[in-house]
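Chemist: Sharing a structure here in structure tokens format.
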Amino acid sequence: MAADPFRHLNRLSAVRSDKNIKFLTPAVYSGGWCPMRVVCNICEEIEGISYLMVGMPECTTHSRPINSGPTGPNGELRWLYVLDEKEVIFGCRKGVMDALRQMDAAGARAIMMIATCVTDLIGEDFDSIIEEIQPELNARLSYVTMGQFKNFGSPIGTWKTAEAIGAYMQPRERIEKSANILFMEPWHTPGTRIEYPLIVGALERRGIALRSFAAGATLDDFLAAPSAALNLVTTAYTQPLAAQMQKRFGVPYVPLHSAFSVEEVDRAYAMIEEELGVDLSGEFDAWRDKAVELEERAHRELPGLRYALMTYVDMPVALAKYLSEFGMEPLLLDVQDFHREDALYARVLKERGFDPPVCHIMYRDRDVLLIRDLKPDICFGYISEPVEGLKVAEEMGDFFGITGYERIVGILSRIFTVLETGKTGERLDIYGPVPV
Amino acid sequence: MGLYRFKPMPSGRMGIFWTVAPIREAAVVEFGCMGHNLYSGSLLRQGGIYEGYGAPLYTTYIDETDIAMGQTYRLEATLRRVVDTDRPKVVFLQPSAVPEVIGMDMYAIANLLADEFPETKLVPLGHGSFAISQHKGVEEALLAIVKALAEDVPKTQAPTYNVLGTCPDLFNFGADLLEIERMMRGAFGMEAVCRLSSDCSISDLRRIGSSHINLVIRREAIPAAEYLRKRFGTPYVYGRPYGIRGTGDWLRQVGETLGAAPSAEFIAAEERLLYGQIDSPYRTLDSNAWSYPEEAVLTIGGHYDVVKGIRDFAVNEMPLKRGTCWCDCPEMGDGDIPYFPEEKWIPVVESHRKGYLMFSGEALRWFGKNTDLMIANPDVKWRLHPYDPPLVGYRGAVQLVNLWVNEYTRAH
């Protein structure tokens with residue numbers, strides 16, 4: 001009898017961070033996203049932020065997408081500092097400081113230093129570099145350490161970047177009727193539109209001044225952010241920044257990203273109404289009605305169904321907690337990054353009788369065959385091609401940054417479509433009419 | 001290395017990785033973090049080494065505990081999985097930067113694990129030191145591969161050849177290889193045994209000693225060719241065939257080394273065709289060079305052997321004049337073609353106004369120059385198929401003239 005291929009995995013209740021999430025199978029094919037690349041992507045989408053990538057030729061070469069160059073559209077610098085064989089031993093402090101001076105002289109307003117594996121390994125002290133050189137520079141400095149050996153996946157790169165950009169912020173006088181939308185995509189494709197949740201438009205229509213932290217934001221947006229009356233967290237990646245801003249500047253936040261159910265969304269919207277002094281009544285009735293209808297159907301039809309969450313599912317533990325409300329049983333979760341709040345969801349899941357094994361899927365095309373052997377009723381996530389006998393809700397990235405009743409409608413509609421047809425179906429247009 | 005605006009010179013590890021990645025019937029296992037493997041794989045796909053073409057590229061990941069404890073269990077587990085599922089004849093083992101810093105000994109690991117995988121040969125590659133360039137890495141990999149895999153086999157009955165140094169780090173490697181094969185077929189009726197490394201398998205590598213001549217198309221392959229000469233007595237010809245006379249000379253040199261003259265009919269037919277094709281452009285360029293000599297200057301940077309070959313064709317056979325020439329490798333630069341680091345080539349490229357500028361796609365695009373004149377990586381486009389025009393050989397000669405006359409037309 002073949003050995004259980006899931007036996008080596010830890011259960012969700014035993015996971016405290018991504019450190020004790022094991023690979024489903026050992027060979028990584030072919031490689032994995034390095035969080036440093038995420039930092040570059042995000043910085044390149046923010047007007048006014050320059051970066052200095054500090055690393056080996058591998059990191060510095062591969063930090064550049066095919067269409068990227070040394071200067072951004074508004075003069076942002078994207079420069080690379082490559083360690084030589086001596087700096088690998090003795091550190092690169094002097095060289096990095098010289099590079100920062102050159103970038104400052106070239107007009108950089110804010111510089112994000114991006115430390116990579118070898119600089120993290122040799123323990124280069126970027127705090128001390130900033131402390132020493134900041135007084136002589138006009139450019140504001142911040143840094144992220146992105147050594148992949150201690151930062152497993154791209155989500156870490158995203159929230160660490162958000163926090164590091166937060167370091168540029170200084171206290172500002174509070175402006176009532178204003179809010180920040182914390183929406184930060186690790187892989188936004190330049191030039192493509194950002195799909196904000198419907199709450200954003202609703203607040204705009206009520207005269208709330210909104211500032212979005214997403215692709216296309218500016219350094220000035222971030223600098224002015226502490227003046228907001230409220231932060232709206234739309235992705236788990238920006239929750240740490242919201243917590244940081246609450247602590248440093250007293251800006252409260254509403255965690256829209258984790259409000260999955262109708263009841264939770266109701267509560268989140270009530271908080272927004274209270275904090276911003278707006279009335280949202282009537283705004284989402286059609287979406288809410290549909291969400292209620294689908295949740296009622298879910299309570300009838302989903303209990304006992306077994307599922308697996310594969311790669312490219314946003315907030316898998318939070319989603320599993322939501323699905324557990326309908327009695328769906330998780331067989332396996334791929335969790336790329338264990339968010340700080342995931343421990344709470346794991347506890348709720350366990351209280352409801354669910355404690356699935358957790359893994360990193362590192363060879364999707366082969367690992368999916370193991371998952372098929374679990375005989376799930378449905379899977380969620382990315383597959384490169386259809387697998388016989390496996391119903392998969394694909395394109396779960398559609399729901400990244402989407403919150404509110406529209407997310408409930410999107411997720412539950414997709415589940416029912418996949419269960420009925422075996423196919424993912426159409427992409428939900430949240431700006432269109434509520435689906436029938 | 002220091003501060004860079006553009007992509008820096010790739011490391012020796014990257015050169016090694018790119019050299020072994022296209023080899024079929026093998027697998028590559030990189031011990032370390034996962035990003036390099038993923039992005040290098042993407043770069044290879046951009047250059048035409050698509051998934052499934054050569055060796056599957058695996059990595060292990062490594063975390064803080066592995067580093068602190070010097071643990072190698074991930075490598076062992078990955079190897080077991082790869083051997084079990086892919087059944088490769090050879091696994092190339094390579095450390096990424098982190099294991100290299102902490103001094104993990106891939107040779108010792110390979111020795112320790114060899115007995116566990118009797119059907120699969122483990123080939124540790126390169127010390128991956130931080131002091132060597134991509135070019136040195138390619139050199140190391142080519143030599144290590146032939147040392148580890150060449151078997152004692154008799155010479156083929158009909159004369160055959162190997163191409164040494166056709167690696168995907170070199171711009172236009174696929175098209176250039178096809179032209180060399182076409183010419184060897186036309187001039188000598190010969191087929192290749194092993195096209196190291198962009199189009200070969202482990203089986204080809206094992207038979208590499210059976211060929212009658214090695215064609216060394218870049219200097220990084222000379223140590224491998226020397227090794228093969230000593231071990232199998234296989235002579236080699238070093239050089240890249242550029243231009244019309246240059247290609248004829250190269251074919252005659254190959255013939256001399258083989259003791260068999262190239263087909264005069266083939267050379268005559270090729271030359272007749274080419275001279276006809278380039279006649280009008282030649283006169284256009286010649287006339288322009290006479291009247292406006294500053295517009296006939298060729299400024300060129302890239303791999304030493306490529307720069308030298310194209311420049312010699314331009315200056316010796318075409319009416320172009322030598323401008324600034326440089327190479328992209330400090331170990332290769334000399335008085336004729338010096339090595340230019342970024343701070344030296346940026347002003348040359350940025351200030352270029354007249355004449356012909358051939359260099360990397362990245363630099364040409366950034367400074368608003370004609371990217372058709374790209375002869376070096378980093379590339380800025382996908383190269384999905386190898387049937388672009390070559391730059392070497394007879395067809396390469398007409399392509400180069402085509403590029404120059406189009407550039408002349410664009411500028412006027």
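Letters A, B, ... mark the chains of the structure tokens in the order given; residue numbers begin at 1 per chain; ligand numbers begin at 1, in order shown.
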I'd like the neighbourhood of Tyr431 in chain A as a ChimeraX atom specification, where a residue qualifies if any of its atoms comes within 12 Å (using only C-alpha atoms), though same-chain residues fewer than 6 positions away should be ignored.

Modeler: /A:195-202,284,287,402,406

Chemist: Could you pull the residues within 7 Å of Gly153 in chain A, counting only C-alpha atoms, minus those fewer than 4 positions along the same chain, as JSON, numbers by chain?

Modeler: {"A": [33, 34, 35, 336, 337]}

Chemist: Provide as a ChimeraX atom specification the residues of chain A at most 9 Å from chain B, counting only C-alpha atoms.

Modeler: /A:19,25-37,56-64,66-67,69-71,77-86,88-89,95-96,98-99,117-118,121-122,147-152

Chemist: For the residues in the current selection, export C-alpha atoms as a PDB file, in the first residue's frame.

Modeler:
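Saved result, result07.pdb, follows:
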```
ATOM      1  CA  LYS A  19       7.769  28.467   8.861  1.00  0.00           C
ATOM      2  CA  THR A  25       6.051  17.273  -2.455  1.00  0.00           C
ATOM      3  CA  PRO A  26       9.712  18.189  -2.172  1.00  0.00           C
ATOM      4  CA  ALA A  27      10.850  19.178  -5.665  1.00  0.00           C
ATOM      5  CA  VAL A  28      10.062  22.812  -6.454  1.00  0.00           C
ATOM      6  CA  TYR A  29       9.154  23.210 -10.087  1.00  0.00           C
ATOM      7  CA  SER A  30      10.185  25.466 -11.570  1.00  0.00           C
ATOM      8  CA  GLY A  31      11.262  27.858  -8.897  1.00  0.00           C
ATOM      9  CA  GLY A  32       9.046  30.181  -6.948  1.00  0.00           C
ATOM     10  CA  TRP A  33       8.183  33.845  -6.886  1.00  0.00           C
ATOM     11  CA  CYS A  34      10.740  35.764  -4.922  1.00  0.00           C
ATOM     12  CA  PRO A  35       9.265  38.493  -2.719  1.00  0.00           C
ATOM     13  CA  MET A  36      11.884  40.989  -3.865  1.00  0.00           C
ATOM     14  CA  ARG A  37      10.274  41.053  -7.275  1.00  0.00           C
ATOM     15  CA  MET A  56      23.667  39.524  -6.315  1.00  0.00           C
ATOM     16  CA  PRO A  57      23.600  39.571 -10.121  1.00  0.00           C
ATOM     17  CA  GLU A  58      20.761  37.046 -10.010  1.00  0.00           C
ATOM     18  CA  CYS A  59      18.502  39.313  -7.942  1.00  0.00           C
ATOM     19  CA  THR A  60      19.410  42.495  -9.712  1.00  0.00           C
ATOM     20  CA  THR A  61      19.027  41.014 -13.181  1.00  0.00           C
ATOM     21  CA  HIS A  62      15.745  39.339 -12.449  1.00  0.00           C
ATOM     22  CA  SER A  63      14.299  42.314 -10.604  1.00  0.00           C
ATOM     23  CA  ARG A  64      13.801  43.900 -14.001  1.00  0.00           C
ATOM     24  CA  ILE A  66      11.196  42.894 -19.745  1.00  0.00           C
ATOM     25  CA  ASN A  67       9.726  46.368 -20.089  1.00  0.00           C
ATOM     26  CA  GLY A  69      14.377  50.356 -17.199  1.00  0.00           C
ATOM     27  CA  PRO A  70      16.563  52.377 -14.866  1.00  0.00           C
ATOM     28  CA  THR A  71      14.211  55.350 -14.617  1.00  0.00           C
ATOM     29  CA  LEU A  77      15.258  55.771 -10.095  1.00  0.00           C
ATOM     30  CA  ARG A  78      15.387  51.994 -10.247  1.00  0.00           C
ATOM     31  CA  TRP A  79      18.990  51.298  -9.595  1.00  0.00           C
ATOM     32  CA  LEU A  80      20.822  48.158  -8.712  1.00  0.00           C
ATOM     33  CA  TYR A  81      23.656  47.605  -6.301  1.00  0.00           C
ATOM     34  CA  VAL A  82      25.551  44.384  -6.905  1.00  0.00           C
ATOM     35  CA  LEU A  83      27.782  42.950  -4.195  1.00  0.00           C
ATOM     36  CA  ASP A  84      31.227  41.805  -5.200  1.00  0.00           C
ATOM     37  CA  GLU A  85      33.120  38.897  -3.698  1.00  0.00           C
ATOM     38  CA  LYS A  86      34.614  41.059  -0.953  1.00  0.00           C
ATOM     39  CA  VAL A  88      29.804  39.177   0.418  1.00  0.00           C
ATOM     40  CA  ILE A  89      32.271  38.711   3.274  1.00  0.00           C
ATOM     41  CA  GLY A  95      29.016  50.965  -1.340  1.00  0.00           C
ATOM     42  CA  VAL A  96      25.318  51.243  -0.546  1.00  0.00           C
ATOM     43  CA  ASP A  98      27.712  55.900  -1.865  1.00  0.00           C
ATOM     44  CA  ALA A  99      24.909  54.651  -4.091  1.00  0.00           C
ATOM     45  CA  CYS A 117      19.139  36.872   0.283  1.00  0.00           C
ATOM     46  CA  VAL A 118      22.856  37.454   0.605  1.00  0.00           C
ATOM     47  CA  LEU A 121      22.436  36.364   5.282  1.00  0.00           C
ATOM     48  CA  ILE A 122      25.467  38.495   6.065  1.00  0.00           C
ATOM     49  CA  GLY A 147      15.813  37.315   1.714  1.00  0.00           C
ATOM     50  CA  GLN A 148      13.680  34.467   0.433  1.00  0.00           C
ATOM     51  CA  PHE A 149      15.052  32.037   2.982  1.00  0.00           C
ATOM     52  CA  LYS A 150      13.091  33.906   5.627  1.00  0.00           C
ATOM     53  CA  ASN A 151      10.337  35.388   3.440  1.00  0.00           C
ATOM     54  CA  PHE A 152       8.711  32.498   1.675  1.00  0.00           C
TER      55      PHE A 152
END
```

Chemist: Counting only C-alpha atoms, what is within 8 Å of Gly302 in chain B, bar same-chain residues fewer than 6 positions away, as number ranges by chain?

Modeler: B: 326-328, 359-360, 375-377

Chemist: Any idea what's packed within 9 Å of range 315-326 of chain A, counting only C-alpha atoms, ignoring anything in its chain fewer than 6 positions away? Could you give it as a ChimeraX atom specification?

Modeler: /A:12,235-236,257-258,260-261,295,298-304,309,333-339,341-343,345-346,348-349,352,354,400

Chemist: Output C-alpha atoms of each residue in that selection to a file, as a PDB file, in the first residue's frame.

Modeler:
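The result, written out as selection.pdb:
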```
ATOM      1  CA  LEU A  12      -3.796  24.035  10.497  1.00  0.00           C
ATOM      2  CA  THR A 235      -6.647  43.091   1.199  1.00  0.00           C
ATOM      3  CA  ALA A 236      -4.927  41.082   3.876  1.00  0.00           C
ATOM      4  CA  HIS A 257     -11.027  42.117   3.631  1.00  0.00           C
ATOM      5  CA  SER A 258     -11.933  39.720   6.418  1.00  0.00           C
ATOM      6  CA  PHE A 260     -16.799  37.411   4.347  1.00  0.00           C
ATOM      7  CA  SER A 261     -20.382  36.761   5.410  1.00  0.00           C
ATOM      8  CA  GLU A 295     -26.020  32.074   1.652  1.00  0.00           C
ATOM      9  CA  ALA A 298     -25.395  27.422   0.634  1.00  0.00           C
ATOM     10  CA  HIS A 299     -26.723  26.428   4.027  1.00  0.00           C
ATOM     11  CA  ARG A 300     -29.073  24.003   2.277  1.00  0.00           C
ATOM     12  CA  GLU A 301     -26.757  22.530  -0.353  1.00  0.00           C
ATOM     13  CA  LEU A 302     -23.143  22.775   0.766  1.00  0.00           C
ATOM     14  CA  PRO A 303     -22.989  21.005   4.150  1.00  0.00           C
ATOM     15  CA  GLY A 304     -20.780  17.959   3.993  1.00  0.00           C
ATOM     16  CA  LEU A 309      -7.751  25.031  -1.694  1.00  0.00           C
ATOM     17  CA  LEU A 333      -5.202  24.051   2.202  1.00  0.00           C
ATOM     18  CA  ASP A 334      -2.366  25.557   0.224  1.00  0.00           C
ATOM     19  CA  VAL A 335      -1.312  28.557   2.299  1.00  0.00           C
ATOM     20  CA  GLN A 336       1.398  30.631   0.737  1.00  0.00           C
ATOM     21  CA  ASP A 337       1.688  33.012   3.645  1.00  0.00           C
ATOM     22  CA  PHE A 338       0.180  32.602   7.073  1.00  0.00           C
ATOM     23  CA  HIS A 339      -1.217  36.011   7.982  1.00  0.00           C
ATOM     24  CA  GLU A 341      -5.015  36.978  11.722  1.00  0.00           C
ATOM     25  CA  ASP A 342      -5.089  33.440  10.315  1.00  0.00           C
ATOM     26  CA  ALA A 343      -4.513  31.945  13.758  1.00  0.00           C
ATOM     27  CA  TYR A 345      -9.632  31.741  11.785  1.00  0.00           C
ATOM     28  CA  ALA A 346      -7.830  28.454  12.433  1.00  0.00           C
ATOM     29  CA  VAL A 348     -12.764  28.987  14.716  1.00  0.00           C
ATOM     30  CA  LEU A 349     -12.323  26.229  12.152  1.00  0.00           C
ATOM     31  CA  ARG A 352     -16.316  23.822  14.113  1.00  0.00           C
ATOM     32  CA  PHE A 354     -12.201  21.207  10.961  1.00  0.00           C
ATOM     33  CA  PHE A 400      -8.427  39.807  -4.769  1.00  0.00           C
TER      34      PHE A 400
END
```

Chemist: Using DSSP on the backbone, list every residue of range 200-407 of chain A that comes out as alpha helix (DSSP H), and give them as a ChimeraX atom specification.

Modeler: /A:200-205,219-224,239-249,262-276,285-301,316-324,342-351,364-373,404-407

Chemist: Please compute the CA of Phe249 in chain A-CA of Ile208 in chain A distance, one decimal, in Å.

Modeler: 19.8 Å

Chemist: As an exercise, work out the distance from CA of Arg101 in chain A to CA of Leu52 in chain A in Å and give it to one decimal place.

Modeler: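 Computed distance, CA of Arg101 in chain A to CA of Leu52 in chain A, equals 11.5 Å.
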